[in-house]
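J.: Below you'll find the structure I mean.
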Amino acid sequence: MKKILVTGCNGQLGREMNKLYGGNREITMINTDVADLDITDVDKTLELVRQVKPYAIINCAAHTGVDACETECDSAYRINAIGPRNLSIAASETGAKLIHISTDFVFSGDATTPYLEFDIPNPLGMYGKTKLAGEKFVEQFAEHYFIIRTAWLYGDGKNFVRTMLRLSETNDTVRVVKDQVGSPTSAKELAKIIDQLIWTENYGLFHGTCEGMASWADFAEEVFRLTKKSTKVIRVTTEEYGNPVKRPAYSVLENYMLKLTTGYQAADWQEALAEYLNQ
């Protein structure tokens, strides 16, 4: 019986990991959220991990509010950087594998081709900066780790897809950004990528997204097409939309290391979206 400790279990990925492993009799899921485990407290983190002695820790906890991170810097650093550091220390002490989820926002978005794991990060804002700091702590303190950068995640919870569908109920048109391009990724596909790695010793840094790329406007139009909604997308620039915090214009990730070392290829983003909407 292998124990898997999940932080941020009530988030989209945390829920998906429980769907994937919940019915497996050889796996015991130890689910924690902020009320059960404050990962920013090193002593409490060490205490729980020593008690559980997990086979692996999947860190789904994060401060993901891009705009909020600019004004809540201390909180962002505690959750996105100190938390992973504490989990890394605890994992190393107990011999657990650590799966840490990072983000496309560690890149500036100046590229014109998909980012590889070997490209040098250069985050624009505090969200990306704190997540990059978390990556570096994992590399420094964890003995057996997988860092997986993902992007534009949606699953069971609040997300872009559900927001578009909610807006379509009362609006004939929606304004959506056309000049930010990334890789929409379902939590189910990310869970499959984690499953490809967690049982191996194929440690290191990986990109883990659905295949292909889209702008937010493309993403919204595909949601409406698949659900046969008549709502029209008004394609606007980031400047016209008025985001207070700068975001990467192009943050497509290439799952280069995943393909190279495992041969695994994730689903295309349209295919994964169709599956999500059918469910």
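Identifiers in the structure tokens: chain A, B, ... in order shown; residue index from 1 per chain; ligand index from 1 in order shown.
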Distance table requested - region 133-192 of chain A against region 243-263 of chain A, cut-off 10 Å, only C-alpha atoms: one row per qualifying residue with the closest atom pair and its distance in Å to one decimal, ordered by chain and rising residue number, as JSON lines.
T.:
```
{"residue": "A:Ile148", "atom": "CA", "partner": "A:Asn255", "partner_atom": "CA", "distance": 9.7}
{"residue": "A:Arg149", "atom": "CA", "partner": "A:Leu253", "partner_atom": "CA", "distance": 8.2}
{"residue": "A:Thr150", "atom": "CA", "partner": "A:Leu253", "partner_atom": "CA", "distance": 7.8}
{"residue": "A:Ala151", "atom": "CA", "partner": "A:Leu253", "partner_atom": "CA", "distance": 8.0}
{"residue": "A:Trp152", "atom": "CA", "partner": "A:Ser251", "partner_atom": "CA", "distance": 9.9}
{"residue": "A:Val177", "atom": "CA", "partner": "A:Asn243", "partner_atom": "CA", "distance": 9.8}
{"residue": "A:Lys178", "atom": "CA", "partner": "A:Ala249", "partner_atom": "CA", "distance": 9.6}
{"residue": "A:Asp179", "atom": "CA", "partner": "A:Ala249", "partner_atom": "CA", "distance": 6.2}
{"residue": "A:Gln180", "atom": "CA", "partner": "A:Ala249", "partner_atom": "CA", "distance": 4.3}
{"residue": "A:Val181", "atom": "CA", "partner": "A:Tyr250", "partner_atom": "CA", "distance": 4.8}
{"residue": "A:Gly182", "atom": "CA", "partner": "A:Val252", "partner_atom": "CA", "distance": 4.4}
{"residue": "A:Ser183", "atom": "CA", "partner": "A:Val252", "partner_atom": "CA", "distance": 5.5}
{"residue": "A:Pro184", "atom": "CA", "partner": "A:Val252", "partner_atom": "CA", "distance": 9.2}
```
J.: Write a file of the selected residues as an mmCIF file, in the first residue's frame, keeping N, CA, C and O atoms.
T.:
```cif
data_model
loop_
_atom_site.group_PDB
_atom_site.id
_atom_site.type_symbol
_atom_site.label_atom_id
_atom_site.label_comp_id
_atom_site.auth_asym_id
_atom_site.auth_seq_id
_atom_site.Cartn_x
_atom_site.Cartn_y
_atom_site.Cartn_z
ATOM 1 N N ILE A 148 6.746 20.071 -12.545
ATOM 2 C CA ILE A 148 5.949 20.028 -13.777
ATOM 3 C C ILE A 148 5.315 21.397 -13.994
ATOM 4 O O ILE A 148 4.458 21.824 -13.215
ATOM 5 N N ARG A 149 5.740 22.066 -15.045
ATOM 6 C CA ARG A 149 5.127 23.347 -15.405
ATOM 7 C C ARG A 149 3.913 23.090 -16.284
ATOM 8 O O ARG A 149 4.007 22.382 -17.288
ATOM 9 N N THR A 150 2.794 23.683 -15.902
ATOM 10 C CA THR A 150 1.581 23.522 -16.694
ATOM 11 C C THR A 150 1.016 24.899 -17.015
ATOM 12 O O THR A 150 1.629 25.926 -16.687
ATOM 13 N N ALA A 151 -0.153 24.952 -17.644
ATOM 14 C CA ALA A 151 -0.691 26.236 -18.098
ATOM 15 C C ALA A 151 -2.196 26.163 -18.327
ATOM 16 O O ALA A 151 -2.725 25.115 -18.693
ATOM 17 N N TRP A 152 -2.872 27.263 -18.092
ATOM 18 C CA TRP A 152 -4.269 27.475 -18.471
ATOM 19 C C TRP A 152 -5.136 26.288 -18.037
ATOM 20 O O TRP A 152 -5.908 25.730 -18.801
ATOM 21 N N VAL A 177 -9.522 38.231 -24.718
ATOM 22 C CA VAL A 177 -8.203 38.644 -25.213
ATOM 23 C C VAL A 177 -7.740 37.756 -26.364
ATOM 24 O O VAL A 177 -7.817 36.528 -26.281
ATOM 25 N N LYS A 178 -7.230 38.392 -27.417
ATOM 26 C CA LYS A 178 -6.793 37.666 -28.616
ATOM 27 C C LYS A 178 -5.277 37.562 -28.743
ATOM 28 O O LYS A 178 -4.774 36.805 -29.578
ATOM 29 N N ASP A 179 -4.530 38.359 -27.943
ATOM 30 C CA ASP A 179 -3.074 38.433 -28.143
ATOM 31 C C ASP A 179 -2.272 37.829 -26.990
ATOM 32 O O ASP A 179 -1.107 38.169 -26.800
ATOM 33 N N GLN A 180 -2.883 36.924 -26.233
ATOM 34 C CA GLN A 180 -2.151 36.076 -25.294
ATOM 35 C C GLN A 180 -2.358 34.634 -25.749
ATOM 36 O O GLN A 180 -3.491 34.174 -25.860
ATOM 37 N N VAL A 181 -1.256 33.938 -26.011
ATOM 38 C CA VAL A 181 -1.316 32.592 -26.585
ATOM 39 C C VAL A 181 -0.665 31.600 -25.637
ATOM 40 O O VAL A 181 0.430 31.842 -25.119
ATOM 41 N N GLY A 182 -1.355 30.492 -25.403
ATOM 42 C CA GLY A 182 -0.828 29.464 -24.514
ATOM 43 C C GLY A 182 -1.383 28.095 -24.858
ATOM 44 O O GLY A 182 -1.883 27.878 -25.970
ATOM 45 N N SER A 183 -1.313 27.182 -23.890
ATOM 46 C CA SER A 183 -1.752 25.801 -24.099
ATOM 47 C C SER A 183 -2.845 25.437 -23.088
ATOM 48 O O SER A 183 -2.540 25.048 -21.969
ATOM 49 N N PRO A 184 -4.127 25.582 -23.454
ATOM 50 C CA PRO A 184 -5.195 25.175 -22.543
ATOM 51 C C PRO A 184 -5.018 23.712 -22.136
ATOM 52 O O PRO A 184 -4.805 22.848 -22.996
#
```
J.: Could you name the residues that touch Ser108 (chain A) at 7 Å or less, counting only C-alpha atoms, but leaving out those on the same chain fewer than 2 positions away, as a list in words?
T.: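 Everything that qualifies: Val106, Asp110, Asn122, Pro123, Leu124 and Pro248 of chain A.
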J.: So that I can check the secondary structure, give me every residue of region 85-243 of chain A assigned alpha helix (DSSP H) by backbone DSSP, as a PDB file with C-alpha atoms, in the first residue's frame.
T.:
```
ATOM      1  CA  ARG A  85      10.754  24.530   0.275  1.00  0.00           C
ATOM      2  CA  ASN A  86       9.172  23.085   3.424  1.00  0.00           C
ATOM      3  CA  LEU A  87       7.677  20.161   1.517  1.00  0.00           C
ATOM      4  CA  SER A  88      11.067  19.523  -0.110  1.00  0.00           C
ATOM      5  CA  ILE A  89      12.796  19.394   3.265  1.00  0.00           C
ATOM      6  CA  ALA A  90      10.145  17.023   4.617  1.00  0.00           C
ATOM      7  CA  ALA A  91      10.226  14.834   1.504  1.00  0.00           C
ATOM      8  CA  SER A  92      14.010  14.496   1.661  1.00  0.00           C
ATOM      9  CA  GLU A  93      13.950  13.576   5.338  1.00  0.00           C
ATOM     10  CA  THR A  94      11.351  10.838   4.838  1.00  0.00           C
ATOM     11  CA  MET A 126       5.066  38.426  -8.793  1.00  0.00           C
ATOM     12  CA  TYR A 127       3.079  35.285  -9.565  1.00  0.00           C
ATOM     13  CA  GLY A 128       5.758  34.043 -11.947  1.00  0.00           C
ATOM     14  CA  LYS A 129       8.578  35.251  -9.693  1.00  0.00           C
ATOM     15  CA  THR A 130       7.232  33.448  -6.617  1.00  0.00           C
ATOM     16  CA  LYS A 131       6.565  30.250  -8.564  1.00  0.00           C
ATOM     17  CA  LEU A 132      10.097  30.346  -9.981  1.00  0.00           C
ATOM     18  CA  ALA A 133      11.453  30.789  -6.457  1.00  0.00           C
ATOM     19  CA  GLY A 134       9.476  27.684  -5.483  1.00  0.00           C
ATOM     20  CA  GLU A 135      11.070  25.714  -8.321  1.00  0.00           C
ATOM     21  CA  LYS A 136      14.540  26.736  -7.159  1.00  0.00           C
ATOM     22  CA  PHE A 137      13.805  25.696  -3.575  1.00  0.00           C
ATOM     23  CA  VAL A 138      12.607  22.285  -4.785  1.00  0.00           C
ATOM     24  CA  GLU A 139      15.788  21.843  -6.812  1.00  0.00           C
ATOM     25  CA  GLN A 140      17.841  22.887  -3.789  1.00  0.00           C
ATOM     26  CA  PHE A 141      16.181  20.901  -1.008  1.00  0.00           C
ATOM     27  CA  PHE A 160     -12.122  29.918 -17.676  1.00  0.00           C
ATOM     28  CA  VAL A 161     -14.385  27.338 -19.332  1.00  0.00           C
ATOM     29  CA  ARG A 162     -17.050  27.606 -16.648  1.00  0.00           C
ATOM     30  CA  THR A 163     -16.782  31.397 -16.653  1.00  0.00           C
ATOM     31  CA  MET A 164     -17.414  31.491 -20.412  1.00  0.00           C
ATOM     32  CA  LEU A 165     -20.404  29.167 -20.094  1.00  0.00           C
ATOM     33  CA  ARG A 166     -21.832  31.241 -17.242  1.00  0.00           C
ATOM     34  CA  LEU A 167     -21.432  34.456 -19.229  1.00  0.00           C
ATOM     35  CA  SER A 168     -23.076  32.870 -22.260  1.00  0.00           C
ATOM     36  CA  ALA A 187      -6.640  18.781 -15.057  1.00  0.00           C
ATOM     37  CA  LYS A 188      -7.388  15.245 -16.244  1.00  0.00           C
ATOM     38  CA  GLU A 189      -4.559  15.379 -18.805  1.00  0.00           C
ATOM     39  CA  LEU A 190      -2.173  16.844 -16.211  1.00  0.00           C
ATOM     40  CA  ALA A 191      -3.093  14.028 -13.808  1.00  0.00           C
ATOM     41  CA  LYS A 192      -2.206  11.509 -16.541  1.00  0.00           C
ATOM     42  CA  ILE A 193       1.174  13.205 -17.003  1.00  0.00           C
ATOM     43  CA  ILE A 194       1.825  12.976 -13.252  1.00  0.00           C
ATOM     44  CA  ASP A 195       0.905   9.287 -13.404  1.00  0.00           C
ATOM     45  CA  GLN A 196       3.506   8.792 -16.146  1.00  0.00           C
ATOM     46  CA  LEU A 197       6.237  10.105 -13.845  1.00  0.00           C
ATOM     47  CA  ILE A 198       5.338   9.396 -10.230  1.00  0.00           C
ATOM     48  CA  TRP A 216      -7.940  33.058 -24.940  1.00  0.00           C
ATOM     49  CA  ALA A 217     -10.328  34.160 -27.699  1.00  0.00           C
ATOM     50  CA  ASP A 218      -9.709  30.915 -29.619  1.00  0.00           C
ATOM     51  CA  PHE A 219     -10.300  28.995 -26.391  1.00  0.00           C
ATOM     52  CA  ALA A 220     -13.620  30.761 -25.759  1.00  0.00           C
ATOM     53  CA  GLU A 221     -14.804  30.242 -29.340  1.00  0.00           C
ATOM     54  CA  GLU A 222     -14.061  26.518 -29.089  1.00  0.00           C
ATOM     55  CA  VAL A 223     -16.029  26.297 -25.824  1.00  0.00           C
ATOM     56  CA  PHE A 224     -19.033  27.933 -27.499  1.00  0.00           C
ATOM     57  CA  ARG A 225     -18.684  25.822 -30.657  1.00  0.00           C
ATOM     58  CA  LEU A 226     -18.577  22.548 -28.739  1.00  0.00           C
ATOM     59  CA  THR A 238      -4.744  42.905 -23.777  1.00  0.00           C
ATOM     60  CA  GLU A 239      -4.535  46.691 -23.669  1.00  0.00           C
ATOM     61  CA  GLU A 240      -8.175  47.050 -24.682  1.00  0.00           C
ATOM     62  CA  TYR A 241      -9.222  44.466 -22.098  1.00  0.00           C
TER      63      TYR A 241
END
```
J.: Run DSSP on the backbone and tell me which residues of region 16-134 of chain A come out as strand (DSSP E or B); list them as a PDB file with all heavy atoms, in the first residue's frame.
T.:
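Everything below was put into out.pdb:
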```pdb
ATOM      1  N   ILE A  27      -3.384   2.163  -3.317  1.00  0.00           N
ATOM      2  CA  ILE A  27      -3.000   3.537  -3.004  1.00  0.00           C
ATOM      3  C   ILE A  27      -3.921   4.100  -1.929  1.00  0.00           C
ATOM      4  O   ILE A  27      -5.142   3.935  -2.003  1.00  0.00           O
ATOM      5  CB  ILE A  27      -3.079   4.425  -4.260  1.00  0.00           C
ATOM      6  CG1 ILE A  27      -2.093   3.939  -5.326  1.00  0.00           C
ATOM      7  CG2 ILE A  27      -2.788   5.890  -3.919  1.00  0.00           C
ATOM      8  CD1 ILE A  27      -2.259   4.638  -6.664  1.00  0.00           C
ATOM      9  N   THR A  28      -3.332   4.738  -0.939  1.00  0.00           N
ATOM     10  CA  THR A  28      -4.096   5.476   0.058  1.00  0.00           C
ATOM     11  C   THR A  28      -3.853   6.956  -0.144  1.00  0.00           C
ATOM     12  O   THR A  28      -2.704   7.414  -0.106  1.00  0.00           O
ATOM     13  CB  THR A  28      -3.686   5.089   1.489  1.00  0.00           C
ATOM     14  OG1 THR A  28      -3.941   3.697   1.691  1.00  0.00           O
ATOM     15  CG2 THR A  28      -4.467   5.894   2.521  1.00  0.00           C
ATOM     16  N   MET A  29      -4.920   7.696  -0.383  1.00  0.00           N
ATOM     17  CA  MET A  29      -4.800   9.140  -0.587  1.00  0.00           C
ATOM     18  C   MET A  29      -4.914   9.856   0.764  1.00  0.00           C
ATOM     19  O   MET A  29      -5.882   9.670   1.498  1.00  0.00           O
ATOM     20  CB  MET A  29      -5.890   9.637  -1.532  1.00  0.00           C
ATOM     21  CG  MET A  29      -5.860   9.005  -2.910  1.00  0.00           C
ATOM     22  SD  MET A  29      -4.355   9.368  -3.841  1.00  0.00           S
ATOM     23  CE  MET A  29      -4.658  11.064  -4.313  1.00  0.00           C
ATOM     24  N   ILE A  30      -3.907  10.657   1.074  1.00  0.00           N
ATOM     25  CA  ILE A  30      -3.932  11.490   2.272  1.00  0.00           C
ATOM     26  C   ILE A  30      -4.161  12.916   1.796  1.00  0.00           C
ATOM     27  O   ILE A  30      -3.247  13.578   1.307  1.00  0.00           O
ATOM     28  CB  ILE A  30      -2.608  11.409   3.069  1.00  0.00           C
ATOM     29  CG1 ILE A  30      -2.186   9.955   3.281  1.00  0.00           C
ATOM     30  CG2 ILE A  30      -2.725  12.164   4.383  1.00  0.00           C
ATOM     31  CD1 ILE A  30      -3.121   9.139   4.137  1.00  0.00           C
ATOM     32  N   ASN A  31      -5.398  13.381   1.909  1.00  0.00           N
ATOM     33  CA  ASN A  31      -5.779  14.681   1.353  1.00  0.00           C
ATOM     34  C   ASN A  31      -5.689  15.788   2.387  1.00  0.00           C
ATOM     35  O   ASN A  31      -6.229  15.662   3.492  1.00  0.00           O
ATOM     36  CB  ASN A  31      -7.197  14.609   0.793  1.00  0.00           C
ATOM     37  CG  ASN A  31      -7.274  13.803  -0.488  1.00  0.00           C
ATOM     38  OD1 ASN A  31      -6.593  14.104  -1.455  1.00  0.00           O
ATOM     39  ND2 ASN A  31      -8.083  12.746  -0.481  1.00  0.00           N
ATOM     40  N   THR A  32      -5.014  16.872   2.027  1.00  0.00           N
ATOM     41  CA  THR A  32      -4.909  18.023   2.918  1.00  0.00           C
ATOM     42  C   THR A  32      -5.190  19.302   2.140  1.00  0.00           C
ATOM     43  O   THR A  32      -4.871  19.410   0.966  1.00  0.00           O
ATOM     44  CB  THR A  32      -3.501  18.140   3.540  1.00  0.00           C
ATOM     45  OG1 THR A  32      -2.553  18.482   2.520  1.00  0.00           O
ATOM     46  CG2 THR A  32      -3.092  16.849   4.219  1.00  0.00           C
ATOM     47  N   ALA A  56       4.798   9.449  -1.938  1.00  0.00           N
ATOM     48  CA  ALA A  56       4.973  10.666  -2.731  1.00  0.00           C
ATOM     49  C   ALA A  56       4.097  11.783  -2.181  1.00  0.00           C
ATOM     50  O   ALA A  56       3.056  11.539  -1.560  1.00  0.00           O
ATOM     51  CB  ALA A  56       4.632  10.412  -4.193  1.00  0.00           C
ATOM     52  N   ILE A  57       4.535  13.018  -2.409  1.00  0.00           N
ATOM     53  CA  ILE A  57       3.769  14.219  -2.090  1.00  0.00           C
ATOM     54  C   ILE A  57       3.473  14.932  -3.400  1.00  0.00           C
ATOM     55  O   ILE A  57       4.382  15.199  -4.187  1.00  0.00           O
ATOM     56  CB  ILE A  57       4.562  15.166  -1.165  1.00  0.00           C
ATOM     57  CG1 ILE A  57       4.939  14.469   0.141  1.00  0.00           C
ATOM     58  CG2 ILE A  57       3.764  16.442  -0.887  1.00  0.00           C
ATOM     59  CD1 ILE A  57       5.973  15.234   0.970  1.00  0.00           C
ATOM     60  N   ILE A  58       2.199  15.220  -3.653  1.00  0.00           N
ATOM     61  CA  ILE A  58       1.824  15.990  -4.834  1.00  0.00           C
ATOM     62  C   ILE A  58       1.392  17.376  -4.354  1.00  0.00           C
ATOM     63  O   ILE A  58       0.358  17.512  -3.700  1.00  0.00           O
ATOM     64  CB  ILE A  58       0.699  15.323  -5.633  1.00  0.00           C
ATOM     65  CG1 ILE A  58       1.091  13.898  -6.026  1.00  0.00           C
ATOM     66  CG2 ILE A  58       0.359  16.142  -6.881  1.00  0.00           C
ATOM     67  CD1 ILE A  58      -0.009  13.127  -6.741  1.00  0.00           C
ATOM     68  N   ASN A  59       2.191  18.372  -4.666  1.00  0.00           N
ATOM     69  CA  ASN A  59       1.901  19.721  -4.184  1.00  0.00           C
ATOM     70  C   ASN A  59       1.041  20.479  -5.185  1.00  0.00           C
ATOM     71  O   ASN A  59       1.530  21.029  -6.165  1.00  0.00           O
ATOM     72  CB  ASN A  59       3.204  20.495  -3.926  1.00  0.00           C
ATOM     73  CG  ASN A  59       2.918  21.884  -3.386  1.00  0.00           C
ATOM     74  OD1 ASN A  59       1.922  22.102  -2.704  1.00  0.00           O
ATOM     75  ND2 ASN A  59       3.779  22.832  -3.687  1.00  0.00           N
ATOM     76  N   LYS A  97       8.979  10.997  -2.679  1.00  0.00           N
ATOM     77  CA  LYS A  97       9.094  11.733  -3.939  1.00  0.00           C
ATOM     78  C   LYS A  97       8.219  12.982  -3.848  1.00  0.00           C
ATOM     79  O   LYS A  97       7.134  12.939  -3.249  1.00  0.00           O
ATOM     80  CB  LYS A  97       8.619  10.867  -5.109  1.00  0.00           C
ATOM     81  CG  LYS A  97       9.436   9.608  -5.323  1.00  0.00           C
ATOM     82  CD  LYS A  97       8.875   8.805  -6.489  1.00  0.00           C
ATOM     83  CE  LYS A  97       9.680   7.529  -6.714  1.00  0.00           C
ATOM     84  NZ  LYS A  97       9.183   6.750  -7.869  1.00  0.00           N
ATOM     85  N   LEU A  98       8.671  14.075  -4.438  1.00  0.00           N
ATOM     86  CA  LEU A  98       7.890  15.306  -4.462  1.00  0.00           C
ATOM     87  C   LEU A  98       7.521  15.653  -5.894  1.00  0.00           C
ATOM     88  O   LEU A  98       8.400  15.757  -6.754  1.00  0.00           O
ATOM     89  CB  LEU A  98       8.665  16.463  -3.833  1.00  0.00           C
ATOM     90  CG  LEU A  98       7.958  17.835  -3.873  1.00  0.00           C
ATOM     91  CD1 LEU A  98       6.668  17.808  -3.050  1.00  0.00           C
ATOM     92  CD2 LEU A  98       8.885  18.938  -3.371  1.00  0.00           C
ATOM     93  N   ILE A  99       6.218  15.821  -6.137  1.00  0.00           N
ATOM     94  CA  ILE A  99       5.735  16.302  -7.425  1.00  0.00           C
ATOM     95  C   ILE A  99       5.237  17.722  -7.194  1.00  0.00           C
ATOM     96  O   ILE A  99       4.264  17.944  -6.462  1.00  0.00           O
ATOM     97  CB  ILE A  99       4.593  15.426  -7.994  1.00  0.00           C
ATOM     98  CG1 ILE A  99       5.098  14.004  -8.260  1.00  0.00           C
ATOM     99  CG2 ILE A  99       4.037  16.017  -9.276  1.00  0.00           C
ATOM    100  CD1 ILE A  99       4.996  13.076  -7.074  1.00  0.00           C
ATOM    101  N   HIS A 100       5.932  18.680  -7.779  1.00  0.00           N
ATOM    102  CA  HIS A 100       5.612  20.085  -7.565  1.00  0.00           C
ATOM    103  C   HIS A 100       5.106  20.699  -8.862  1.00  0.00           C
ATOM    104  O   HIS A 100       5.745  20.564  -9.910  1.00  0.00           O
ATOM    105  CB  HIS A 100       6.851  20.850  -7.072  1.00  0.00           C
ATOM    106  CG  HIS A 100       6.624  22.324  -6.948  1.00  0.00           C
ATOM    107  ND1 HIS A 100       5.707  22.859  -6.062  1.00  0.00           N
ATOM    108  CD2 HIS A 100       7.170  23.381  -7.617  1.00  0.00           C
ATOM    109  CE1 HIS A 100       5.707  24.182  -6.192  1.00  0.00           C
ATOM    110  NE2 HIS A 100       6.580  24.520  -7.114  1.00  0.00           N
ATOM    111  N   ILE A 101       3.967  21.387  -8.798  1.00  0.00           N
ATOM    112  CA  ILE A 101       3.351  21.963  -9.982  1.00  0.00           C
ATOM    113  C   ILE A 101       3.732  23.429 -10.116  1.00  0.00           C
ATOM    114  O   ILE A 101       3.518  24.226  -9.195  1.00  0.00           O
ATOM    115  CB  ILE A 101       1.811  21.828  -9.930  1.00  0.00           C
ATOM    116  CG1 ILE A 101       1.405  20.365  -9.665  1.00  0.00           C
ATOM    117  CG2 ILE A 101       1.196  22.340 -11.227  1.00  0.00           C
ATOM    118  CD1 ILE A 101       1.943  19.368 -10.675  1.00  0.00           C
ATOM    119  N   SER A 102       4.309  23.769 -11.260  1.00  0.00           N
ATOM    120  CA  SER A 102       4.685  25.150 -11.534  1.00  0.00           C
ATOM    121  C   SER A 102       3.910  25.665 -12.754  1.00  0.00           C
ATOM    122  O   SER A 102       2.883  25.091 -13.123  1.00  0.00           O
ATOM    123  CB  SER A 102       6.198  25.268 -11.715  1.00  0.00           C
ATOM    124  OG  SER A 102       6.595  26.632 -11.718  1.00  0.00           O
ATOM    125  N   THR A 103       4.394  26.711 -13.390  1.00  0.00           N
ATOM    126  CA  THR A 103       3.562  27.458 -14.319  1.00  0.00           C
ATOM    127  C   THR A 103       4.322  27.998 -15.528  1.00  0.00           C
ATOM    128  O   THR A 103       5.544  28.213 -15.472  1.00  0.00           O
ATOM    129  CB  THR A 103       2.911  28.649 -13.580  1.00  0.00           C
ATOM    130  OG1 THR A 103       2.196  29.475 -14.507  1.00  0.00           O
ATOM    131  CG2 THR A 103       3.969  29.516 -12.905  1.00  0.00           C
ATOM    132  N   TYR A 115       8.257  27.142 -25.543  1.00  0.00           N
ATOM    133  CA  TYR A 115       9.354  27.093 -24.581  1.00  0.00           C
ATOM    134  C   TYR A 115       9.703  25.655 -24.223  1.00  0.00           C
ATOM    135  O   TYR A 115       8.821  24.828 -23.975  1.00  0.00           O
ATOM    136  CB  TYR A 115       8.957  27.827 -23.291  1.00  0.00           C
ATOM    137  CG  TYR A 115       8.975  29.328 -23.407  1.00  0.00           C
ATOM    138  CD1 TYR A 115       7.795  30.050 -23.587  1.00  0.00           C
ATOM    139  CD2 TYR A 115      10.170  30.044 -23.307  1.00  0.00           C
ATOM    140  CE1 TYR A 115       7.798  31.427 -23.677  1.00  0.00           C
ATOM    141  CE2 TYR A 115      10.186  31.436 -23.394  1.00  0.00           C
ATOM    142  CZ  TYR A 115       8.995  32.121 -23.574  1.00  0.00           C
ATOM    143  OH  TYR A 115       9.007  33.491 -23.668  1.00  0.00           O
TER     144      TYR A 115
END
```
J.: Considering only C-alpha atoms, return as a count of residues only whatever protein or nucleic-acid residues lie within 6 Å of region 266-279 of chain A, sequence-local ones (same chain, fewer than 4 positions apart) excluded.
T.: 4
J.: Using only C-alpha atoms, which residue out of A:Ser215, A:Val66, A:Val174, A:Tyr145 lies closest to Thr200 (chain A)?
T.: A:Tyr145
J.: When distances are computed from only C-alpha atoms, which of A:Gly65, A:Asp156, A:Gly8, A:Tyr55 shows the smallest separation from Leu37 (chain A)?
T.: A:Gly8
J.: Work out how far CA of Asn159 (chain A) is from CA of Lys229 (chain A), in Å to one decimal.
T.: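 Going from CA of Lys229 (chain A) over to CA of Asn159 (chain A), I get 17.9 Å.
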J.: Here is a test: counting only C-alpha atoms, which residue of A:Pro114, A:Gly155, A:Gly14, A:Gly242 is nearest to His207 (chain A)?
T.: A:Pro114
J.: Work out how far CA of Gly125 (chain A) is from CA of Leu205 (chain A), in Å to one decimal.
T.: 21.4 Å
J.: So which residues touch Ile39 (chain A) within 8 Å, counting only C-alpha atoms, skipping near sequence neighbours fewer than 5 positions away, as a PyMOL selection string?
T.: chain A and resi 34+44-45+79+82-84+86-87
J.: Which residue gives the smallest distance to Asn10 (chain A) among A:Lys158, A:Glu72, A:Phe146, A:Glu169, with only C-alpha atoms counted?
T.: A:Lys158
J.: Just checking: using only C-alpha atoms, which residue out of A:Arg78, A:Glu143, A:Ile120, A:Val236 ends up closest to Gly95 (chain A)?
T.: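 Going through A:Arg78, A:Glu143, A:Ile120, A:Val236 one by one, the smallest distance to Gly95 (chain A) is for A:Glu143.
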